[in-house]
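Colleague: The structure under discussion is supplied below as structure tokens; questions concerning it will follow.
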Number of protein chains: 2
Amino acid sequence: MQQDSFVIRADICYSAAPQSLELYPGGWLVCLEGQSAGVFRTLPEQYAGLPVLDYSGSLVVPGLTDLHVHAPQYAFRGQGMDLELLDWLDRYTFPEESKYASLEYADRAYRRFVEDVRRGPNTRACVFATIHRPATIRLMDLLEESGLCTMVGKVNMDRSCPETLREASAAASAQGTRDWLERIEGRYSRTHPILTPRFIPSCTDELMGELSKIQQQYGLPVQSHLSESRSEIAWVRELCPNAKSYGHAYHAFGLLGGPDCPTVMAHCVYSEGEEAALLKAQNVLVAHCPASNMNLSSGIAPVRRFLRDGLSVGLGSDVAGGTHTSIFKAMADAIQVSKLRWRLVDEALAPLTVSEAFYLGTLGGGAFFGKVGSFAPGYEFDALVIDDTRYTPQERIELETRLERTVYLSDERDIRHKFVQGRKLF
Amino acid sequence: MQQDSFVIRADICYSAAPQSLELYPGGWLVCLEGQSAGVFRTLPEQYAGLPVLDYSGSLVVPGLTDLHVHAPQYAFRGQGMDLELLDWLDRYTFPEESKYASLEYADRAYRRFVEDVRRGPNTRACVFATIHRPATIRLMDLLEESGLCTMVGKVNMDRSCPETLREASAAASAQGTRDWLERIEGRYSRTHPILTPRFIPSCTDELMGELSKIQQQYGLPVQSHLSESRSEIAWVRELCPNAKSYGHAYHAFGLLGGPDCPTVMAHCVYSEGEEAALLKAQNVLVAHCPASNMNLSSGIAPVRRFLRDGLSVGLGSDVAGGTHTSIFKAMADAIQVSKLRWRLVDEALAPLTVSEAFYLGTLGGGAFFGKVGSFAPGYEFDALVIDDTRYTPQERIELETRLERTVYLSDERDIRHKFVQGRKLF
């Protein structure tokens, strides 16, 4: 990996905590061998010999983390949005994902997805592929080549889906997963496997048992879906009558967090009571996906309650339940839906602020990748250099306001340079 | 005005009614002297001699109408979004609008606004300026020059605002309005004045009485705000204890619709009962502004109920309560919030569909400008030529789906040509 040591001069900001924004107008950000050495108001003597990248006038923030995105759904984003989750899966998602049996189709479609993310503000992502091993490996090859840091999962599903997407048996699904893991061993430096049972309805108990063994054997992290929509939750209740909650159905197989099983669960729109307590106890990272939860009429996750109660939360684009990969857009969406939830559902849970949404999209989600999402010393050096003059012309304006406008108004055109682990992508 | 007769070959769609989408893949759209002569699957003999603009492969839809936008707020869109309406007005809006006393400042800021709208998908707009006469006329000059068709209002306000924005008296406000109207008489062909009392809290009864006289004398249309937020409604109740509703407070002065006073009212988030009945009886056009209603935590207007009950509805960007001028974005927002309203507030009111949102942004709002927002014969020829290959690559896909993706994914980069009243802007 090409790592470097250098200094960036720019208007720099990052999140130290949900309510704490660190602001360095005209600051100096030091990268030492791929890690941040901190941001300074004047450049310390000891770094005076490093090359300086002068991005004065530009905004520099940490790269964003997308905790939940379906690469094979990118091709049909913005389609079929008039349906709810389960109908949308049957009508659009499953037929499209079936096409990834063709490596040629997968290559073409995945190239577009990877190029979109590469050009956008995200530097890290937890990615769902499909059940198909060759296509999943192609996706991982493309992501590795892009310079992004990602976790990618070959999806497991052995029930409740069309035959074209149903793995022949729990054993076959497990064996396919082992084969995939062996094929990619040692192949990548920034692309990692993540165990990916699609969700409880598409995995038999037998498969979950097999995946649990694989998780332990390989020490893999886990990603899946949890409590996204009411009809889905009712379905899980039927399938798992003995589980105290949807979350407990994963937990029964040891696939819901804990020190040896880092887990990200998408949505958690209806996680409360014992399920929320379990998520906290197991330190599960909640991937809040506001756009998807609107588009599929799922609802609004109580992020304020999660934060108040000490749960870990980040953001997901959930393409193609969401339509855009940018986590800046997810920040704006998260703020907007939190306002509606406050107004319409529960006035005890205050809306999210810009500072909090920025935290969720950087440090909150970045935690799943280690020391990521901050410019504090020791964090991996993921950075965006943003030229905000398209939407914030020459008038003098405070750095905090420029950040807010970037959340609401920026798109990939405004990202001039992008660094991941100290490596310049462009 | 340069009007023309020609034929467009493209993939054409327009809305005939909320649930009725007219789709003409590879169709022929005929423009005769600035008006549509209709869309045809094969070109009728009688038009064979007209020049053909071959936009095969592109999507062509009617221009969009923004029923509610504040031009002087464009400069600070995406700022201060953590506040609610009345605080946001005091902290951001009023100080910014005060700057438009300077014609030089106004010219610079209005140029940016007009250029943004010119490049985007809207062809018609109802625009708030400020209280300042010279700046308002400069805005109208710029809009006229842009080729867009707009109605622009010098704002009236004589109470409850900082002194820099408060007109000296009701009489002075009225006189300023008359002066403005006289100054612009005969000056424009596509830029029209619209009477613009800001909202009840900023207009004394005396001023409303004066405006009523002006409305009748000049036969002007009216635009204002109605029932946007709960605190605003409570304030109006205090100010007008005798009015049956906020809407009735306008009606008491004859400034709420009826055959001789076409009126567009922004928001109507909480219009129900007698107020909603009055809006229907007076044929007031409701400007639904979903993004603004999220950003300012106002709520979600019951658009499904309005449509069901026969009220007239269109869409507004409400920049800078909203952050983007594009009415495509307002369509996506309208669908999204309608889903949340259905899920969280009232399951009797079904979410809006893409077809319905497209109707609201074209024919629904266009009605305020006459025969606008459709390609049916006799409608003014406003058209967008959209190259959707950026987000919908070469794969064959149905026209209706391409429209849906355009609603969710397009931005101004994708608009290749734009026509207003048959005149090509670019």
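Letters A, B, ... mark the chains of the structure tokens in the order given; residue numbers begin at 1 per chain; ligand numbers begin at 1, in order shown.
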Should the cut-off be 9 Å, what would the residue list for chain B against chain A look like, counting only C-alpha atoms, as a count of residues only?
Modeller: 45
Colleague: Would you write out chain B as a CSV table (one decimal) with C-alpha atoms, in the first residue's frame, after superposing it on chain A by least squares over all in-order Cα pairs?
Modeller:
chain,number,residue,atom,x,y,z
B,1,MET,CA,-0.1,0.2,-0.3
B,2,GLN,CA,1.3,3.6,-1.1
B,3,GLN,CA,1.3,5.5,2.2
B,4,ASP,CA,2.9,8.8,2.6
B,5,SER,CA,3.8,11.6,5.0
B,6,PHE,CA,2.7,15.1,4.3
B,7,VAL,CA,0.9,18.1,5.5
B,8,ILE,CA,-2.4,19.6,4.3
B,9,ARG,CA,-3.1,23.3,4.7
B,10,ALA,CA,-6.8,24.0,4.5
B,11,ASP,CA,-10.0,24.9,6.5
B,12,ILE,CA,-10.3,21.7,8.5
B,13,CYS,CA,-13.0,20.2,10.6
B,14,TYR,CA,-13.9,16.9,12.2
B,15,SER,CA,-16.1,15.5,14.9
B,16,ALA,CA,-14.7,14.6,18.3
B,17,ALA,CA,-18.1,13.6,19.7
B,18,PRO,CA,-21.8,14.0,18.7
B,19,GLN,CA,-21.9,17.5,20.1
B,20,SER,CA,-18.3,18.5,19.6
B,21,LEU,CA,-17.1,19.9,16.3
B,22,GLU,CA,-13.3,20.6,16.0
B,23,LEU,CA,-12.8,23.6,13.7
B,24,TYR,CA,-9.5,24.7,12.3
B,25,PRO,CA,-9.8,27.5,9.7
B,26,GLY,CA,-6.5,27.8,8.0
B,27,GLY,CA,-5.2,24.8,9.9
B,28,TRP,CA,-2.5,22.2,9.3
B,29,LEU,CA,-3.4,18.5,9.1
B,30,VAL,CA,-0.4,16.2,9.4
B,31,CYS,CA,-0.4,12.7,7.9
B,32,LEU,CA,2.4,10.4,9.0
B,33,GLU,CA,2.6,7.1,7.2
B,34,GLY,CA,-1.1,6.8,6.6
B,35,GLN,CA,-2.2,8.0,10.0
B,36,SER,CA,-3.2,11.4,11.3
B,37,ALA,CA,-0.8,13.1,13.6
B,38,GLY,CA,-3.4,15.7,14.4
B,39,VAL,CA,-4.5,19.2,13.3
B,40,PHE,CA,-2.7,22.3,14.3
B,41,ARG,CA,-3.4,26.0,14.2
B,42,THR,CA,0.3,26.6,13.5
B,43,LEU,CA,2.5,23.9,12.1
B,44,PRO,CA,4.8,22.3,14.7
B,45,GLU,CA,8.5,22.6,14.1
B,46,GLN,CA,8.9,18.8,13.9
B,47,TYR,CA,6.8,18.6,10.8
B,48,ALA,CA,8.4,21.6,9.0
B,49,GLY,CA,10.3,19.3,6.6
B,50,LEU,CA,7.2,17.4,5.3
B,51,PRO,CA,5.8,18.3,1.9
B,52,VAL,CA,2.9,20.7,2.1
B,53,LEU,CA,-0.3,20.2,0.0
B,54,ASP,CA,-1.7,23.7,0.0
B,55,TYR,CA,-5.5,23.5,-0.3
B,56,SER,CA,-6.1,26.9,1.3
B,57,GLY,CA,-9.7,27.9,0.9
B,58,SER,CA,-10.9,24.3,0.6
B,59,LEU,CA,-12.8,22.5,3.2
B,60,VAL,CA,-11.1,19.3,4.5
B,61,VAL,CA,-13.1,16.7,6.5
B,62,PRO,CA,-12.6,13.0,7.3
B,63,GLY,CA,-13.9,10.5,4.7
B,64,LEU,CA,-17.4,9.2,5.3
B,65,THR,CA,-18.4,5.7,6.2
B,66,ASP,CA,-21.4,4.0,4.5
B,67,LEU,CA,-22.4,1.2,6.9
B,68,HIS,CA,-24.9,-0.4,4.7
B,69,VAL,CA,-25.1,-0.6,0.9
B,70,HIS,CA,-26.1,-3.2,-1.6
B,71,ALA,CA,-23.8,-3.1,-4.6
B,72,PRO,CA,-26.0,-5.2,-6.9
B,73,GLN,CA,-28.9,-2.9,-6.3
B,74,TYR,CA,-27.1,0.2,-7.5
B,75,ALA,CA,-28.2,-0.5,-11.1
B,76,PHE,CA,-31.8,0.0,-10.3
B,77,ARG,CA,-31.7,2.7,-7.7
B,78,GLY,CA,-34.7,5.1,-7.9
B,79,GLN,CA,-37.0,2.4,-9.3
B,80,GLY,CA,-40.1,0.8,-7.9
B,81,MET,CA,-40.1,3.2,-5.0
B,82,ASP,CA,-43.9,3.0,-4.8
B,83,LEU,CA,-43.6,-0.4,-3.1
B,84,GLU,CA,-43.0,-1.5,0.4
B,85,LEU,CA,-40.0,-3.6,1.5
B,86,LEU,CA,-41.3,-7.2,1.0
B,87,ASP,CA,-43.0,-6.5,-2.3
B,88,TRP,CA,-40.1,-4.4,-3.5
B,89,LEU,CA,-37.7,-7.3,-2.8
B,90,ASP,CA,-39.9,-9.7,-4.8
B,91,ARG,CA,-40.5,-7.4,-7.7
B,92,TYR,CA,-37.2,-5.6,-8.2
B,93,THR,CA,-34.4,-6.8,-5.9
B,94,PHE,CA,-34.5,-10.5,-6.2
B,95,PRO,CA,-34.9,-10.5,-10.1
B,96,GLU,CA,-32.0,-8.1,-10.4
B,97,GLU,CA,-29.7,-9.9,-8.0
B,98,SER,CA,-30.3,-13.1,-9.9
B,99,LYS,CA,-28.5,-11.5,-12.9
B,100,TYR,CA,-25.2,-11.6,-10.9
B,101,ALA,CA,-24.9,-15.3,-11.8
B,102,SER,CA,-23.4,-13.8,-14.9
B,103,LEU,CA,-19.9,-12.6,-14.2
B,104,GLU,CA,-20.0,-10.4,-17.3
B,105,TYR,CA,-23.2,-8.7,-16.1
B,106,ALA,CA,-21.8,-8.3,-12.6
B,107,ASP,CA,-18.5,-6.8,-13.9
B,108,ARG,CA,-20.3,-4.2,-15.9
B,109,ALA,CA,-22.8,-3.2,-13.2
B,110,TYR,CA,-20.2,-3.4,-10.3
B,111,ARG,CA,-17.8,-1.1,-12.2
B,112,ARG,CA,-20.5,1.6,-12.2
B,113,PHE,CA,-21.2,1.2,-8.5
B,114,VAL,CA,-17.5,1.3,-7.6
B,115,GLU,CA,-16.8,4.3,-9.8
B,116,ASP,CA,-19.7,6.2,-8.2
B,117,VAL,CA,-18.5,5.5,-4.7
B,118,ARG,CA,-14.9,6.3,-5.6
B,119,ARG,CA,-15.9,9.7,-6.9
B,120,GLY,CA,-18.2,10.4,-3.9
B,121,PRO,CA,-17.5,11.3,-0.3
B,122,ASN,CA,-17.4,7.8,1.2
B,123,THR,CA,-14.0,6.2,2.0
B,124,ARG,CA,-15.3,3.2,3.9
B,125,ALA,CA,-18.3,0.9,3.3
B,126,CYS,CA,-19.9,-2.3,4.5
B,127,VAL,CA,-21.2,-3.8,1.3
B,128,PHE,CA,-23.7,-6.6,0.5
B,129,ALA,CA,-22.9,-8.5,-2.7
B,130,THR,CA,-25.1,-11.5,-3.8
B,131,ILE,CA,-25.0,-15.2,-3.2
B,132,HIS,CA,-22.7,-15.6,-6.2
B,133,ARG,CA,-19.0,-16.3,-5.4
B,134,PRO,CA,-17.4,-15.2,-8.7
B,135,ALA,CA,-19.3,-12.0,-8.9
B,136,THR,CA,-18.6,-11.2,-5.2
B,137,ILE,CA,-14.9,-11.7,-5.8
B,138,ARG,CA,-15.0,-9.5,-8.9
B,139,LEU,CA,-16.7,-6.8,-6.8
B,140,MET,CA,-13.9,-7.2,-4.2
B,141,ASP,CA,-11.2,-6.9,-6.9
B,142,LEU,CA,-12.8,-3.7,-8.2
B,143,LEU,CA,-13.1,-2.2,-4.8
B,144,GLU,CA,-9.5,-3.1,-3.9
B,145,GLU,CA,-8.4,-1.5,-7.1
B,146,SER,CA,-10.4,1.7,-6.4
B,147,GLY,CA,-8.4,2.4,-3.2
B,148,LEU,CA,-11.5,2.4,-1.0
B,149,CYS,CA,-11.5,0.4,2.3
B,150,THR,CA,-14.4,-1.9,2.4
B,151,MET,CA,-15.9,-5.0,4.0
B,152,VAL,CA,-17.8,-7.1,1.5
B,153,GLY,CA,-20.2,-10.0,2.1
B,154,LYS,CA,-21.2,-12.9,-0.1
B,155,VAL,CA,-24.8,-13.1,0.8
B,156,ASN,CA,-26.3,-16.2,2.4
B,157,MET,CA,-29.9,-17.2,1.8
B,158,ASP,CA,-31.5,-20.6,1.6
B,159,ARG,CA,-35.2,-19.9,1.9
B,160,SER,CA,-38.0,-17.5,1.1
B,161,CYS,CA,-36.6,-16.2,-2.2
B,162,PRO,CA,-36.9,-17.2,-5.9
B,163,GLU,CA,-35.1,-20.3,-6.8
B,164,THR,CA,-32.5,-18.4,-8.9
B,165,LEU,CA,-31.3,-16.9,-5.6
B,166,ARG,CA,-31.8,-19.7,-3.2
B,167,GLU,CA,-28.7,-21.7,-2.3
B,168,ALA,CA,-29.4,-25.4,-2.6
B,169,SER,CA,-29.2,-26.1,1.1
B,170,ALA,CA,-27.7,-24.8,4.3
B,171,ALA,CA,-24.7,-27.0,3.8
B,172,ALA,CA,-24.2,-25.7,0.3
B,173,SER,CA,-24.5,-22.1,1.4
B,174,ALA,CA,-22.0,-22.7,4.2
B,175,GLN,CA,-19.6,-24.5,1.8
B,176,GLY,CA,-19.9,-21.7,-0.7
B,177,THR,CA,-19.0,-19.3,2.0
B,178,ARG,CA,-16.0,-21.3,3.0
B,179,ASP,CA,-14.9,-21.6,-0.6
B,180,TRP,CA,-15.2,-17.9,-1.0
B,181,LEU,CA,-13.2,-17.2,2.1
B,182,GLU,CA,-10.4,-19.5,0.9
B,183,ARG,CA,-10.4,-18.1,-2.6
B,184,ILE,CA,-9.8,-14.5,-1.3
B,185,GLU,CA,-7.4,-15.4,1.5
B,186,GLY,CA,-4.4,-13.0,1.3
B,187,ARG,CA,-5.7,-11.5,-1.9
B,188,TYR,CA,-6.4,-8.0,-0.7
B,189,SER,CA,-5.0,-5.3,1.6
B,190,ARG,CA,-8.0,-3.1,2.0
B,191,THR,CA,-10.9,-5.3,1.1
B,192,HIS,CA,-12.2,-7.6,3.8
B,193,PRO,CA,-14.8,-10.3,4.0
B,194,ILE,CA,-17.8,-9.9,6.3
B,195,LEU,CA,-20.3,-12.6,7.1
B,196,THR,CA,-23.7,-11.7,5.5
B,197,PRO,CA,-26.8,-13.7,6.3
B,198,ARG,CA,-29.3,-11.6,4.3
B,199,PHE,CA,-31.9,-11.5,7.1
B,200,ILE,CA,-33.7,-14.0,9.3
B,201,PRO,CA,-36.5,-14.7,6.8
B,202,SER,CA,-34.0,-15.9,4.2
B,203,CYS,CA,-31.8,-18.1,6.4
B,204,THR,CA,-32.9,-21.4,8.0
B,205,ASP,CA,-31.9,-22.2,11.5
B,206,GLU,CA,-29.6,-24.8,10.0
B,207,LEU,CA,-27.8,-22.2,7.9
B,208,MET,CA,-27.6,-19.8,10.9
B,209,GLY,CA,-25.9,-22.6,12.8
B,210,GLU,CA,-23.4,-23.2,10.0
B,211,LEU,CA,-22.7,-19.5,9.7
B,212,SER,CA,-22.0,-19.3,13.4
B,213,LYS,CA,-19.3,-21.9,13.1
B,214,ILE,CA,-17.8,-20.0,10.2
B,215,GLN,CA,-17.9,-16.8,12.1
B,216,GLN,CA,-16.0,-18.3,15.0
B,217,GLN,CA,-13.5,-20.2,12.8
B,218,TYR,CA,-12.5,-17.2,10.7
B,219,GLY,CA,-13.2,-14.5,13.3
B,220,LEU,CA,-15.4,-12.6,10.9
B,221,PRO,CA,-17.5,-9.5,11.5
B,222,VAL,CA,-21.2,-9.8,10.6
B,223,GLN,CA,-23.7,-7.6,8.8
B,224,SER,CA,-27.4,-8.0,8.4
B,225,HIS,CA,-30.8,-6.4,8.6
B,226,LEU,CA,-32.8,-5.9,11.8
B,227,SER,CA,-36.4,-4.6,12.5
B,228,GLU,CA,-36.7,-2.6,9.3
B,229,SER,CA,-40.5,-2.8,8.7
B,230,ARG,CA,-43.5,-3.9,10.7
B,231,SER,CA,-44.5,-6.7,8.2
B,232,GLU,CA,-41.0,-8.0,8.3
B,233,ILE,CA,-40.9,-8.1,12.1
B,234,ALA,CA,-44.3,-9.9,12.1
B,235,TRP,CA,-42.8,-12.5,9.7
B,236,VAL,CA,-39.8,-13.1,11.9
B,237,ARG,CA,-42.1,-13.5,14.9
B,238,GLU,CA,-43.8,-16.3,13.0
B,239,LEU,CA,-40.6,-17.9,11.9
B,240,CYS,CA,-38.9,-17.7,15.4
B,241,PRO,CA,-41.7,-17.9,17.9
B,242,ASN,CA,-39.3,-18.6,20.7
B,243,ALA,CA,-37.1,-15.5,20.2
B,244,LYS,CA,-37.8,-12.7,22.6
B,245,SER,CA,-37.2,-10.3,19.7
B,246,TYR,CA,-36.0,-10.2,16.1
B,247,GLY,CA,-32.5,-9.3,17.5
B,248,HIS,CA,-32.6,-12.3,19.8
B,249,ALA,CA,-33.1,-14.5,16.7
B,250,TYR,CA,-29.6,-13.5,15.6
B,251,HIS,CA,-28.3,-13.6,19.1
B,252,ALA,CA,-29.5,-17.2,19.6
B,253,PHE,CA,-26.8,-18.2,17.0
B,254,GLY,CA,-24.1,-15.9,18.4
B,255,LEU,CA,-24.4,-13.6,15.4
B,256,LEU,CA,-25.3,-10.4,17.1
B,257,GLY,CA,-22.2,-8.6,18.4
B,258,GLY,CA,-20.1,-9.1,21.4
B,259,PRO,CA,-16.3,-8.8,21.7
B,260,ASP,CA,-15.5,-11.6,19.2
B,261,CYS,CA,-18.2,-10.8,16.7
B,262,PRO,CA,-18.3,-7.1,15.6
B,263,THR,CA,-21.7,-6.6,14.1
B,264,VAL,CA,-23.5,-3.9,12.1
B,265,MET,CA,-27.2,-4.1,11.8
B,266,ALA,CA,-29.1,-2.0,9.3
B,267,HIS,CA,-32.2,-0.1,10.1
B,268,CYS,CA,-33.4,-0.9,13.7
B,269,VAL,CA,-36.4,1.3,13.0
B,270,TYR,CA,-38.5,-0.6,15.6
B,271,SER,CA,-35.8,-1.7,18.0
B,272,GLU,CA,-36.9,-0.9,21.6
B,273,GLY,CA,-37.1,-2.6,25.0
B,274,GLU,CA,-35.2,-5.8,25.2
B,275,GLU,CA,-34.0,-5.7,21.7
B,276,ALA,CA,-32.4,-2.2,22.1
B,277,ALA,CA,-30.9,-3.3,25.4
B,278,LEU,CA,-29.4,-6.3,23.7
B,279,LEU,CA,-27.9,-4.2,20.9
B,280,LYS,CA,-26.3,-2.0,23.6
B,281,ALA,CA,-25.0,-4.9,25.6
B,282,GLN,CA,-23.5,-6.6,22.5
B,283,ASN,CA,-22.1,-3.3,21.2
B,284,VAL,CA,-23.9,-3.8,17.9
B,285,LEU,CA,-23.4,-0.9,15.5
B,286,VAL,CA,-26.7,0.4,14.3
B,287,ALA,CA,-26.7,1.5,10.6
B,288,HIS,CA,-29.3,4.2,10.4
B,289,CYS,CA,-30.6,4.4,6.8
B,290,PRO,CA,-33.1,7.3,6.7
B,291,ALA,CA,-33.7,7.6,2.9
B,292,SER,CA,-34.4,3.9,2.6
B,293,ASN,CA,-36.7,4.0,5.6
B,294,MET,CA,-38.7,6.8,3.8
B,295,ASN,CA,-38.7,5.2,0.4
B,296,LEU,CA,-39.9,1.8,1.6
B,297,SER,CA,-42.4,3.4,4.0
B,298,SER,CA,-40.7,1.7,6.9
B,299,GLY,CA,-40.7,4.5,9.4
B,300,ILE,CA,-38.1,6.6,11.3
B,301,ALA,CA,-35.5,5.0,13.6
B,302,PRO,CA,-35.3,6.6,17.1
B,303,VAL,CA,-31.7,7.7,16.7
B,304,ARG,CA,-31.9,10.3,19.5
B,305,ARG,CA,-33.0,7.6,21.9
B,306,PHE,CA,-30.2,5.3,20.7
B,307,LEU,CA,-27.6,8.0,21.3
B,308,ARG,CA,-29.1,8.9,24.6
B,309,ASP,CA,-29.1,5.3,25.8
B,310,GLY,CA,-25.5,4.8,24.7
B,311,LEU,CA,-26.0,2.6,21.6
B,312,SER,CA,-23.4,2.9,18.8
B,313,VAL,CA,-24.9,4.4,15.6
B,314,GLY,CA,-23.6,5.3,12.1
B,315,LEU,CA,-25.2,5.9,8.8
B,316,GLY,CA,-26.0,3.8,5.7
B,317,SER,CA,-27.1,4.8,2.2
B,318,ASP,CA,-28.9,1.4,1.8
B,319,VAL,CA,-28.8,1.8,-2.0
B,320,ALA,CA,-31.1,0.8,-3.5
B,321,GLY,CA,-33.7,1.3,-0.8
B,322,GLY,CA,-31.9,4.6,-0.7
B,323,THR,CA,-31.2,6.3,-4.1
B,324,HIS,CA,-27.8,8.0,-3.5
B,325,THR,CA,-24.5,6.6,-2.2
B,326,SER,CA,-23.4,9.8,-0.6
B,327,ILE,CA,-23.3,9.8,3.2
B,328,PHE,CA,-23.5,13.6,3.2
B,329,LYS,CA,-27.0,13.1,1.8
B,330,ALA,CA,-27.7,10.5,4.5
B,331,MET,CA,-26.7,13.1,7.1
B,332,ALA,CA,-29.2,15.6,5.7
B,333,ASP,CA,-31.9,12.9,5.5
B,334,ALA,CA,-31.1,11.8,9.1
B,335,ILE,CA,-31.6,15.4,10.3
B,336,GLN,CA,-34.8,15.8,8.3
B,337,VAL,CA,-36.5,12.6,9.4
B,338,SER,CA,-35.5,13.2,13.0
B,339,LYS,CA,-37.4,16.5,12.9
B,340,LEU,CA,-40.5,14.8,11.6
B,341,ARG,CA,-40.2,12.1,14.2
B,342,TRP,CA,-39.9,14.8,16.9
B,343,ARG,CA,-42.9,16.7,15.5
B,344,LEU,CA,-45.1,13.8,14.7
B,345,VAL,CA,-44.2,10.9,16.9
B,346,ASP,CA,-42.4,11.8,20.1
B,347,GLU,CA,-41.6,15.4,21.2
B,348,ALA,CA,-39.4,13.9,24.0
B,349,LEU,CA,-36.7,13.0,21.4
B,350,ALA,CA,-35.1,16.1,20.1
B,351,PRO,CA,-34.1,16.3,16.4
B,352,LEU,CA,-30.5,15.6,15.4
B,353,THR,CA,-28.3,18.5,14.8
B,354,VAL,CA,-25.8,19.0,12.0
B,355,SER,CA,-23.0,18.3,14.4
B,356,GLU,CA,-24.6,15.0,15.4
B,357,ALA,CA,-25.3,13.9,11.9
B,358,PHE,CA,-21.7,14.7,10.9
B,359,TYR,CA,-20.6,12.6,13.8
B,360,LEU,CA,-22.7,9.6,12.7
B,361,GLY,CA,-21.4,9.7,9.2
B,362,THR,CA,-17.7,10.0,10.2
B,363,LEU,CA,-16.7,8.8,13.7
B,364,GLY,CA,-19.9,7.0,14.5
B,365,GLY,CA,-19.7,4.6,11.5
B,366,GLY,CA,-16.0,4.8,11.1
B,367,ALA,CA,-15.6,2.9,14.4
B,368,PHE,CA,-16.5,-0.3,12.6
B,369,PHE,CA,-13.2,0.0,10.7
B,370,GLY,CA,-11.1,0.7,13.8
B,371,LYS,CA,-9.6,4.2,14.3
B,372,VAL,CA,-11.4,5.8,11.4
B,373,GLY,CA,-13.5,8.9,10.9
B,374,SER,CA,-11.5,11.5,12.8
B,375,PHE,CA,-8.3,13.6,12.5
B,376,ALA,CA,-7.3,13.0,16.1
B,377,PRO,CA,-3.8,11.6,16.4
B,378,GLY,CA,-3.5,7.9,15.6
B,379,TYR,CA,-6.6,7.8,13.3
B,380,GLU,CA,-6.2,6.3,9.8
B,381,PHE,CA,-5.8,9.2,7.3
B,382,ASP,CA,-9.1,9.3,5.3
B,383,ALA,CA,-9.7,12.8,4.1
B,384,LEU,CA,-11.9,14.7,1.6
B,385,VAL,CA,-10.8,18.0,0.0
B,386,ILE,CA,-13.9,19.9,-0.9
B,387,ASP,CA,-14.2,22.9,-3.1
B,388,ASP,CA,-17.4,24.5,-1.8
B,389,THR,CA,-17.3,27.6,-4.0
B,390,ARG,CA,-20.1,26.1,-6.2
B,391,TYR,CA,-22.6,26.5,-3.4
B,392,THR,CA,-20.8,28.9,-1.1
B,393,PRO,CA,-19.4,31.8,-3.2
B,394,GLN,CA,-16.7,34.2,-2.1
B,395,GLU,CA,-18.5,35.9,0.8
B,396,ARG,CA,-16.8,35.2,4.1
B,397,ILE,CA,-18.7,32.6,6.1
B,398,GLU,CA,-17.9,30.6,9.2
B,399,LEU,CA,-16.4,27.2,8.9
B,400,GLU,CA,-19.2,25.5,10.8
B,401,THR,CA,-21.7,27.0,8.3
B,402,ARG,CA,-19.6,25.8,5.4
B,403,LEU,CA,-19.8,22.3,6.8
B,404,GLU,CA,-23.6,22.6,7.2
B,405,ARG,CA,-24.0,23.7,3.6
B,406,THR,CA,-21.7,20.9,2.4
B,407,VAL,CA,-24.0,18.4,4.2
B,408,TYR,CA,-27.1,19.8,2.4
B,409,LEU,CA,-25.7,21.0,-0.9
B,410,SER,CA,-22.5,19.2,-2.0
B,411,ASP,CA,-22.3,16.4,-4.5
B,412,GLU,CA,-19.4,14.5,-6.0
B,413,ARG,CA,-18.5,17.4,-8.3
B,414,ASP,CA,-17.2,19.3,-5.3
B,415,ILE,CA,-14.8,16.7,-4.1
B,416,ARG,CA,-11.5,17.7,-5.5
B,417,HIS,CA,-9.2,15.2,-3.8
B,418,LYS,CA,-9.7,12.1,-1.7
B,419,PHE,CA,-7.3,10.2,0.6
B,420,VAL,CA,-7.7,6.8,2.1
B,421,GLN,CA,-5.2,5.5,4.7
B,422,GLY,CA,-2.9,8.4,3.5
B,423,ARG,CA,-3.1,7.3,-0.1
B,424,LYS,CA,-4.3,9.9,-2.6
B,425,LEU,CA,-7.1,8.4,-4.8
B,426,PHE,CA,-7.4,11.6,-6.9
Colleague: Residues of segment 260-315 of chain A classed as strand (DSSP E) by DSSP on the backbone are to be reported as a list of chain:residue names.
Modeller: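 Filtering segment 260-315 of chain A down to strand (DSSP E) leaves A:Thr263, A:Val264, A:Met265, A:Ala266, A:His267, A:Leu285, A:Val286, A:Ala287, A:His288, A:Ser312, A:Val313, A:Gly314, A:Leu315.
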